[in-house]
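Heads up, target_31.cif below (mmCIF, C-alpha atoms; chains and numbers go by the auth columns):
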```
data_my_file
loop_
_atom_site.group_PDB
_atom_site.id
_atom_site.type_symbol
_atom_site.label_atom_id
_atom_site.label_comp_id
_atom_site.label_asym_id
_atom_site.label_seq_id
_atom_site.Cartn_x
_atom_site.Cartn_y
_atom_site.Cartn_z
_atom_site.B_iso_or_equiv
_atom_site.auth_seq_id
_atom_site.auth_asym_id
ATOM 1 C CA MET A 1 12.629 2.928 -12.390 0.00 1 A
ATOM 2 C CA LYS A 2 12.003 6.653 -12.008 0.00 2 A
ATOM 3 C CA ASP A 3 8.221 6.851 -12.571 0.00 3 A
ATOM 4 C CA PHE A 4 5.934 4.789 -10.341 0.00 4 A
ATOM 5 C CA VAL A 5 3.403 4.800 -7.535 0.00 5 A
ATOM 6 C CA ALA A 6 4.294 3.261 -4.188 0.00 6 A
ATOM 7 C CA ILE A 7 1.131 1.860 -2.623 0.00 7 A
ATOM 8 C CA ASP A 8 0.176 0.348 0.709 0.00 8 A
ATOM 9 C CA PHE A 9 -3.134 -0.970 2.024 0.00 9 A
ATOM 10 C CA GLU A 10 -4.248 -1.721 5.551 0.00 10 A
ATOM 11 C CA THR A 11 -7.156 -4.130 6.013 0.00 11 A
ATOM 12 C CA ALA A 12 -9.874 -4.314 8.640 0.00 12 A
ATOM 13 C CA ASN A 13 -9.938 -8.100 8.885 0.00 13 A
ATOM 14 C CA GLY A 14 -8.643 -11.246 7.212 0.00 14 A
ATOM 15 C CA ASP A 15 -10.544 -10.589 3.993 0.00 15 A
ATOM 16 C CA ARG A 16 -8.294 -8.933 1.414 0.00 16 A
ATOM 17 C CA SER A 17 -11.216 -6.834 0.186 0.00 17 A
ATOM 18 C CA SER A 18 -11.542 -5.175 3.606 0.00 18 A
ATOM 19 C CA VAL A 19 -9.202 -2.292 2.805 0.00 19 A
ATOM 20 C CA CYS A 20 -9.661 0.421 5.416 0.00 20 A
ATOM 21 C CA SER A 21 -6.865 2.763 4.366 0.00 21 A
ATOM 22 C CA VAL A 22 -4.609 3.356 1.407 0.00 22 A
ATOM 23 C CA GLY A 23 -1.403 5.332 1.077 0.00 23 A
ATOM 24 C CA LEU A 24 0.134 6.296 -2.247 0.00 24 A
ATOM 25 C CA VAL A 25 3.317 8.118 -3.162 0.00 25 A
ATOM 26 C CA ILE A 26 3.528 9.230 -6.772 0.00 26 A
ATOM 27 C CA VAL A 27 7.069 9.488 -8.135 0.00 27 A
ATOM 28 C CA ARG A 28 8.017 11.062 -11.477 0.00 28 A
ATOM 29 C CA ASN A 29 11.612 11.408 -12.678 0.00 29 A
ATOM 30 C CA GLY A 30 12.744 10.058 -9.321 0.00 30 A
ATOM 31 C CA ILE A 31 10.998 12.846 -7.382 0.00 31 A
ATOM 32 C CA VAL A 32 7.934 12.555 -5.148 0.00 32 A
ATOM 33 C CA ILE A 33 5.263 14.746 -6.734 0.00 33 A
ATOM 34 C CA ASP A 34 2.210 13.749 -4.690 0.00 34 A
ATOM 35 C CA LYS A 35 1.157 11.839 -1.582 0.00 35 A
ATOM 36 C CA ILE A 36 -2.328 10.529 -0.966 0.00 36 A
ATOM 37 C CA TYR A 37 -3.819 9.034 2.187 0.00 37 A
ATOM 38 C CA GLU A 38 -7.437 7.951 2.420 0.00 38 A
ATOM 39 C CA LEU A 39 -9.494 6.170 5.023 0.00 39 A
ATOM 40 C CA ILE A 40 -11.994 3.770 3.476 0.00 40 A
ATOM 41 C CA LYS A 41 -15.150 2.180 4.844 0.00 41 A
ATOM 42 C CA PRO A 42 -14.181 -1.500 4.531 0.00 42 A
ATOM 43 C CA GLU A 43 -16.104 -4.320 2.889 0.00 43 A
ATOM 44 C CA PRO A 44 -16.880 -6.427 4.825 0.00 44 A
ATOM 45 C CA ASN A 45 -17.247 -3.751 7.477 0.00 45 A
ATOM 46 C CA HIS A 46 -15.926 -5.359 10.638 0.00 46 A
ATOM 47 C CA TYR A 47 -12.549 -5.140 12.344 0.00 47 A
ATOM 48 C CA SER A 48 -10.643 -8.089 13.701 0.00 48 A
ATOM 49 C CA TYR A 49 -8.766 -7.711 16.956 0.00 49 A
ATOM 50 C CA TRP A 50 -5.454 -8.643 15.301 0.00 50 A
ATOM 51 C CA ASN A 51 -5.768 -6.109 12.499 0.00 51 A
ATOM 52 C CA VAL A 52 -6.620 -3.350 14.971 0.00 52 A
ATOM 53 C CA MET A 53 -3.531 -4.298 17.003 0.00 53 A
ATOM 54 C CA VAL A 54 -1.397 -3.866 13.853 0.00 54 A
ATOM 55 C CA HIS A 55 -2.632 -0.501 12.556 0.00 55 A
ATOM 56 C CA GLY A 56 -4.888 0.914 15.258 0.00 56 A
ATOM 57 C CA LEU A 57 -7.834 1.699 12.980 0.00 57 A
ATOM 58 C CA THR A 58 -11.391 0.850 14.065 0.00 58 A
ATOM 59 C CA ASN A 59 -14.964 1.438 12.911 0.00 59 A
ATOM 60 C CA LYS A 60 -14.823 4.830 14.659 0.00 60 A
ATOM 61 C CA ASP A 61 -12.181 5.872 12.139 0.00 61 A
ATOM 62 C CA THR A 62 -13.898 4.628 8.998 0.00 62 A
ATOM 63 C CA ASP A 63 -17.678 4.440 9.479 0.00 63 A
ATOM 64 C CA ASN A 64 -18.102 7.894 7.940 0.00 64 A
ATOM 65 C CA SER A 65 -15.425 7.371 5.284 0.00 65 A
ATOM 66 C CA PRO A 66 -16.195 6.829 1.608 0.00 66 A
ATOM 67 C CA VAL A 67 -16.363 3.331 0.154 0.00 67 A
ATOM 68 C CA PHE A 68 -13.581 2.059 -2.093 0.00 68 A
ATOM 69 C CA PRO A 69 -15.145 2.889 -5.502 0.00 69 A
ATOM 70 C CA ASP A 70 -15.546 6.530 -4.466 0.00 70 A
ATOM 71 C CA VAL A 71 -11.958 6.722 -3.227 0.00 71 A
ATOM 72 C CA TRP A 72 -10.524 4.948 -6.262 0.00 72 A
ATOM 73 C CA CYS A 73 -12.342 7.135 -8.815 0.00 73 A
ATOM 74 C CA ASN A 74 -10.280 10.067 -7.454 0.00 74 A
ATOM 75 C CA ILE A 75 -7.028 8.088 -7.340 0.00 75 A
ATOM 76 C CA ALA A 76 -7.185 6.291 -10.706 0.00 76 A
ATOM 77 C CA PRO A 77 -6.619 9.344 -12.941 0.00 77 A
ATOM 78 C CA LYS A 78 -3.582 10.385 -10.894 0.00 78 A
ATOM 79 C CA ILE A 79 -1.839 7.012 -11.286 0.00 79 A
ATOM 80 C CA GLU A 80 -2.921 6.115 -14.804 0.00 80 A
ATOM 81 C CA GLY A 81 -0.141 4.495 -16.819 0.00 81 A
ATOM 82 C CA LEU A 82 2.238 4.204 -13.867 0.00 82 A
ATOM 83 C CA PRO A 83 3.473 0.895 -12.444 0.00 83 A
ATOM 84 C CA LEU A 84 2.583 0.194 -8.830 0.00 84 A
ATOM 85 C CA VAL A 85 5.250 -0.718 -6.293 0.00 85 A
ATOM 86 C CA ALA A 86 4.673 -2.355 -2.913 0.00 86 A
ATOM 87 C CA HIS A 87 6.741 -4.062 -0.246 0.00 87 A
ATOM 88 C CA ASN A 88 5.424 -7.620 -0.459 0.00 88 A
ATOM 89 C CA SER A 89 3.375 -6.772 -3.526 0.00 89 A
ATOM 90 C CA THR A 90 1.513 -10.084 -3.330 0.00 90 A
ATOM 91 C CA PHE A 91 -0.462 -8.697 -0.387 0.00 91 A
ATOM 92 C CA ASP A 92 -1.226 -5.271 -1.878 0.00 92 A
ATOM 93 C CA SER A 93 -2.001 -6.517 -5.375 0.00 93 A
ATOM 94 C CA GLY A 94 -4.234 -9.163 -3.776 0.00 94 A
ATOM 95 C CA CYS A 95 -6.066 -6.469 -1.829 0.00 95 A
ATOM 96 C CA LEU A 96 -6.552 -4.376 -4.936 0.00 96 A
ATOM 97 C CA ARG A 97 -7.873 -7.304 -6.977 0.00 97 A
ATOM 98 C CA ALA A 98 -10.155 -8.449 -4.135 0.00 98 A
ATOM 99 C CA VAL A 99 -11.706 -5.050 -3.517 0.00 99 A
ATOM 100 C CA PHE A 100 -12.259 -4.513 -7.256 0.00 100 A
ATOM 101 C CA LYS A 101 -13.997 -7.905 -7.371 0.00 101 A
ATOM 102 C CA SER A 102 -16.020 -7.186 -4.224 0.00 102 A
ATOM 103 C CA TYR A 103 -17.473 -4.058 -5.839 0.00 103 A
ATOM 104 C CA GLN A 104 -17.789 -5.705 -9.282 0.00 104 A
ATOM 105 C CA MET A 105 -15.410 -3.175 -10.820 0.00 105 A
ATOM 106 C CA ASP A 106 -13.368 -3.933 -13.938 0.00 106 A
ATOM 107 C CA TYR A 107 -9.768 -4.474 -12.856 0.00 107 A
ATOM 108 C CA PRO A 108 -7.382 -2.574 -15.151 0.00 108 A
ATOM 109 C CA ASP A 109 -4.540 -5.125 -14.729 0.00 109 A
ATOM 110 C CA TYR A 110 -2.115 -2.863 -12.917 0.00 110 A
ATOM 111 C CA GLU A 111 1.580 -3.659 -13.274 0.00 111 A
ATOM 112 C CA PHE A 112 3.080 -4.417 -9.850 0.00 112 A
ATOM 113 C CA HIS A 113 6.716 -4.497 -8.705 0.00 113 A
ATOM 114 C CA CYS A 114 7.906 -5.763 -5.346 0.00 114 A
ATOM 115 C CA THR A 115 10.487 -3.981 -3.200 0.00 115 A
ATOM 116 C CA LEU A 116 10.685 -7.004 -0.882 0.00 116 A
ATOM 117 C CA LYS A 117 11.962 -9.182 -3.739 0.00 117 A
ATOM 118 C CA ALA A 118 14.192 -6.370 -4.998 0.00 118 A
ATOM 119 C CA SER A 119 15.694 -5.802 -1.539 0.00 119 A
ATOM 120 C CA ARG A 120 16.496 -9.504 -1.195 0.00 120 A
ATOM 121 C CA LYS A 121 18.505 -9.317 -4.419 0.00 121 A
ATOM 122 C CA ARG A 122 20.128 -5.967 -3.735 0.00 122 A
ATOM 123 C CA PHE A 123 20.784 -6.048 0.013 0.00 123 A
ATOM 124 C CA ARG A 124 21.883 -9.585 0.803 0.00 124 A
ATOM 125 C CA ASP A 125 23.781 -8.730 3.983 0.00 125 A
ATOM 126 C CA ILE A 126 21.090 -6.996 6.025 0.00 126 A
ATOM 127 C CA GLU A 127 19.528 -8.650 9.073 0.00 127 A
ATOM 128 C CA ASN A 128 16.075 -9.170 7.467 0.00 128 A
ATOM 129 C CA HIS A 129 13.969 -7.703 4.699 0.00 129 A
ATOM 130 C CA ARG A 130 11.072 -6.287 6.689 0.00 130 A
ATOM 131 C CA LEU A 131 9.882 -2.916 5.479 0.00 131 A
ATOM 132 C CA SER A 132 11.248 -1.036 8.490 0.00 132 A
ATOM 133 C CA THR A 133 14.657 -2.744 8.270 0.00 133 A
ATOM 134 C CA VAL A 134 15.094 -2.141 4.551 0.00 134 A
ATOM 135 C CA ALA A 135 13.810 1.433 4.861 0.00 135 A
ATOM 136 C CA ALA A 136 16.367 2.147 7.602 0.00 136 A
ATOM 137 C CA HIS A 137 19.100 0.615 5.427 0.00 137 A
ATOM 138 C CA CYS A 138 18.043 3.067 2.691 0.00 138 A
ATOM 139 C CA GLY A 139 18.140 6.030 5.097 0.00 139 A
ATOM 140 C CA PHE A 140 14.407 6.325 5.825 0.00 140 A
ATOM 141 C CA ASN A 141 13.217 6.321 9.434 0.00 141 A
ATOM 142 C CA LEU A 142 9.858 4.537 9.430 0.00 142 A
ATOM 143 C CA THR A 143 8.449 5.829 12.705 0.00 143 A
ATOM 144 C CA ASN A 144 4.760 5.173 11.978 0.00 144 A
ATOM 145 C CA HIS A 145 4.889 1.625 10.620 0.00 145 A
ATOM 146 C CA HIS A 146 1.503 0.241 9.476 0.00 146 A
ATOM 147 C CA HIS A 147 0.157 3.679 8.671 0.00 147 A
ATOM 148 C CA ALA A 148 -0.555 3.258 4.961 0.00 148 A
ATOM 149 C CA LEU A 149 1.065 6.531 3.888 0.00 149 A
ATOM 150 C CA ALA A 150 4.173 6.062 6.027 0.00 150 A
ATOM 151 C CA ASP A 151 4.614 2.553 4.617 0.00 151 A
ATOM 152 C CA ALA A 152 4.114 3.836 1.057 0.00 152 A
ATOM 153 C CA GLU A 153 6.738 6.542 1.680 0.00 153 A
ATOM 154 C CA ALA A 154 9.204 3.915 2.919 0.00 154 A
ATOM 155 C CA CYS A 155 8.434 1.754 -0.093 0.00 155 A
ATOM 156 C CA ALA A 156 9.071 4.665 -2.458 0.00 156 A
ATOM 157 C CA VAL A 157 12.500 5.267 -0.904 0.00 157 A
ATOM 158 C CA ILE A 158 13.350 1.570 -1.233 0.00 158 A
ATOM 159 C CA ALA A 159 12.093 1.442 -4.819 0.00 159 A
ATOM 160 C CA LEU A 160 14.309 4.356 -5.809 0.00 160 A
ATOM 161 C CA ARG A 161 17.327 2.420 -4.478 0.00 161 A
ATOM 162 C CA THR A 162 16.429 -1.056 -5.740 0.00 162 A
ATOM 163 C CA LEU A 163 14.326 -0.920 -8.900 0.00 163 A
#
```

Full structure transcribed into structure tokens:
Amino acid sequence: MKDFVAIDFETANGDRSSVCSVGLVIVRNGIVIDKIYELIKPEPNHYSYWNVMVHGLTNKDTDNSPVFPDVWCNIAPKIEGLPLVAHNSTFDSGCLRAVFKSYQMDYPDYEFHCTLKASRKRFRDIENHRLSTVAAHCGFNLTNHHHALADAEACAVIALRTL
């Protein structure tokens, strides 16, 4: 696959609709042509201790950020017609569906591919298939893990090697 969008969400709490940041890497002909990172005011708008410990974002970071529909109306035209790729796509596709539902938006039935599943098939001899491990195996140093854009960049590198 040479044309796709690598996507990663971070959530504020245990509710999949509580996306508080999104990272996207748009790839055409195997080349990164655009990177997008947006903070999002989550819905519901509260942060769990555990989520903050993972990504470090809090209400201070997102209280003045736009809500998801405003962010997505700028993103949607840039990714139209492209498949979405995520590491453990079940999580990210679940977030996308949940936040669309939360805001009563029509979900456009995005096509998702999973680099976690692809890495398990392609790289059977590596220690584990966590994003950082697979990214390192593919030559990408994921130094800012759980930052949505950094994770999307790692996913894009993995996708180019596995899909």

For this session: Quick one: apply the PyMOL selection byres ((chain A and resi 42) around 8) to the file and drop the selected residues here as a list in words.
Result: Thr11, Ala12, Ser17, Ser18, Val19, Cys20, Ile40, Lys41, Glu43, Pro44, Asn45, His46, Thr62, Val67 and Phe68 of chain A

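The set of residues that the PyMOL selection byres ((chain A and resi 126-134) around 8) takes from this file is A:His87, A:Leu116, A:Ser119, A:Arg120, A:Phe123, A:Arg124, A:Asp125, A:Ala135, A:Ala136, A:His137, A:Cys138, A:Asn141, A:Leu142, A:His145, A:Asp151, A:Ala154, A:Cys155, A:Ile158.
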
Exercise. Using all atoms listed in the file, which residue out of A:Leu57, A:Ala86, A:Val71, A:Leu24 lies closest to Ile36 of chain A?
Worked result: A:Leu24

Problem set entry | Counting all atoms listed in the file, the option among A:Tyr47, A:Phe140, A:Phe9, A:Tyr110 closest to Glu80 of chain A | A:Tyr110

Please write as a PDB file with C-alpha atoms, keeping the file's coordinate frame the list of polymer residues whose atoms come within 10 Å of (-2.1, -0.1, 3.5), counting all atoms listed in the file and keeping to the coordinates of the file.
```pdb
ATOM      1  CA  ILE A   7       1.131   1.860  -2.623  1.00  0.00           C
ATOM      2  CA  ASP A   8       0.176   0.348   0.709  1.00  0.00           C
ATOM      3  CA  PHE A   9      -3.134  -0.970   2.024  1.00  0.00           C
ATOM      4  CA  GLU A  10      -4.248  -1.721   5.551  1.00  0.00           C
ATOM      5  CA  THR A  11      -7.156  -4.130   6.013  1.00  0.00           C
ATOM      6  CA  VAL A  19      -9.202  -2.292   2.805  1.00  0.00           C
ATOM      7  CA  CYS A  20      -9.661   0.421   5.416  1.00  0.00           C
ATOM      8  CA  SER A  21      -6.865   2.763   4.366  1.00  0.00           C
ATOM      9  CA  VAL A  22      -4.609   3.356   1.407  1.00  0.00           C
ATOM     10  CA  GLY A  23      -1.403   5.332   1.077  1.00  0.00           C
ATOM     11  CA  LEU A  24       0.134   6.296  -2.247  1.00  0.00           C
ATOM     12  CA  TYR A  37      -3.819   9.034   2.187  1.00  0.00           C
ATOM     13  CA  GLU A  38      -7.437   7.951   2.420  1.00  0.00           C
ATOM     14  CA  LEU A  39      -9.494   6.170   5.023  1.00  0.00           C
ATOM     15  CA  HIS A  55      -2.632  -0.501  12.556  1.00  0.00           C
ATOM     16  CA  ALA A  86       4.673  -2.355  -2.913  1.00  0.00           C
ATOM     17  CA  PHE A  91      -0.462  -8.697  -0.387  1.00  0.00           C
ATOM     18  CA  ASP A  92      -1.226  -5.271  -1.878  1.00  0.00           C
ATOM     19  CA  CYS A  95      -6.066  -6.469  -1.829  1.00  0.00           C
ATOM     20  CA  HIS A 146       1.503   0.241   9.476  1.00  0.00           C
ATOM     21  CA  HIS A 147       0.157   3.679   8.671  1.00  0.00           C
ATOM     22  CA  ALA A 148      -0.555   3.258   4.961  1.00  0.00           C
ATOM     23  CA  LEU A 149       1.065   6.531   3.888  1.00  0.00           C
ATOM     24  CA  ALA A 150       4.173   6.062   6.027  1.00  0.00           C
ATOM     25  CA  ASP A 151       4.614   2.553   4.617  1.00  0.00           C
ATOM     26  CA  ALA A 152       4.114   3.836   1.057  1.00  0.00           C
TER      27      ALA A 152
END
```

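Put simply, atom CA of Ile26 of chain A is 28.6 Å away from atom CA of Lys60 of chain A.
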
Exercise. Rounded to one decimal in Å, what is the spacing between atom CA of Met1 of chain A and atom CA of Ala156 of chain A?
Worked result: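 So the two atoms, atom CA of Met1 of chain A and atom CA of Ala156 of chain A, lie 10.7 Å apart.
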
Seminar exercise, completed: Min atom-atom distance to Lys2 of chain A from the set A:Val85, A:Asp15, A:Asp61, A:Asp106, counting all atoms listed in the file, belongs to A:Val85

For this session: Would you work out the distance separating atom CA of Asn59 of chain A from atom CA of Gln104 of chain A, expressed in Å to one decimal?
Result: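 Interatomic distance, atom CA of Asn59 of chain A to atom CA of Gln104 of chain A: 23.5 Å.
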
Mind telling me what the PyMOL selection byres ((chain A and resi 32) around 10) catches here, as a JSON list (two decimals) with C-alpha atoms, in the frame of the given file?
```json
[["chain", "number", "residue", "atom", "x", "y", "z"],
["A", 2, "LYS", "CA", 12.00, 6.65, -12.01],
["A", 3, "ASP", "CA", 8.22, 6.85, -12.57],
["A", 4, "PHE", "CA", 5.93, 4.79, -10.34],
["A", 5, "VAL", "CA", 3.40, 4.80, -7.54],
["A", 25, "VAL", "CA", 3.32, 8.12, -3.16],
["A", 26, "ILE", "CA", 3.53, 9.23, -6.77],
["A", 27, "VAL", "CA", 7.07, 9.49, -8.14],
["A", 28, "ARG", "CA", 8.02, 11.06, -11.48],
["A", 29, "ASN", "CA", 11.61, 11.41, -12.68],
["A", 30, "GLY", "CA", 12.74, 10.06, -9.32],
["A", 31, "ILE", "CA", 11.00, 12.85, -7.38],
["A", 33, "ILE", "CA", 5.26, 14.75, -6.73],
["A", 34, "ASP", "CA", 2.21, 13.75, -4.69],
["A", 35, "LYS", "CA", 1.16, 11.84, -1.58],
["A", 153, "GLU", "CA", 6.74, 6.54, 1.68],
["A", 156, "ALA", "CA", 9.07, 4.66, -2.46],
["A", 157, "VAL", "CA", 12.50, 5.27, -0.90]]
```

For this session: Kindly indicate which residue among A:Val99, A:Thr162, A:Thr143, A:Thr90 lies nearest to Lys121 of chain A, using all atoms listed in the file for the distances.
Result: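 Ranked by minimum distance to Lys121 of chain A, first place goes to A:Thr162.
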
Seminar exercise, completed: Using all atoms listed in the file, the best pick from A:Val54, A:Leu84, A:Ala76, A:Ala6 as closest to His113 of chain A would be A:Leu84

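Distance annotation: of A:Asn144, A:Ser48, A:Arg16, A:Gly81, the residue with the minimal separation from Ser93 of chain A is A:Arg16; atom set is only C-alpha atoms.
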
Hey, can I get the axis-aligned box for segment 125-130 of chain A? All listed atoms, 4 Å padding on each side, centre and edge lengths in Å to one decimal, as JSON.
```
{"center_x": 17.4, "center_y": -7.7, "center_z": 6.5, "size_x": 20.7, "size_y": 10.9, "size_z": 13.1}
```
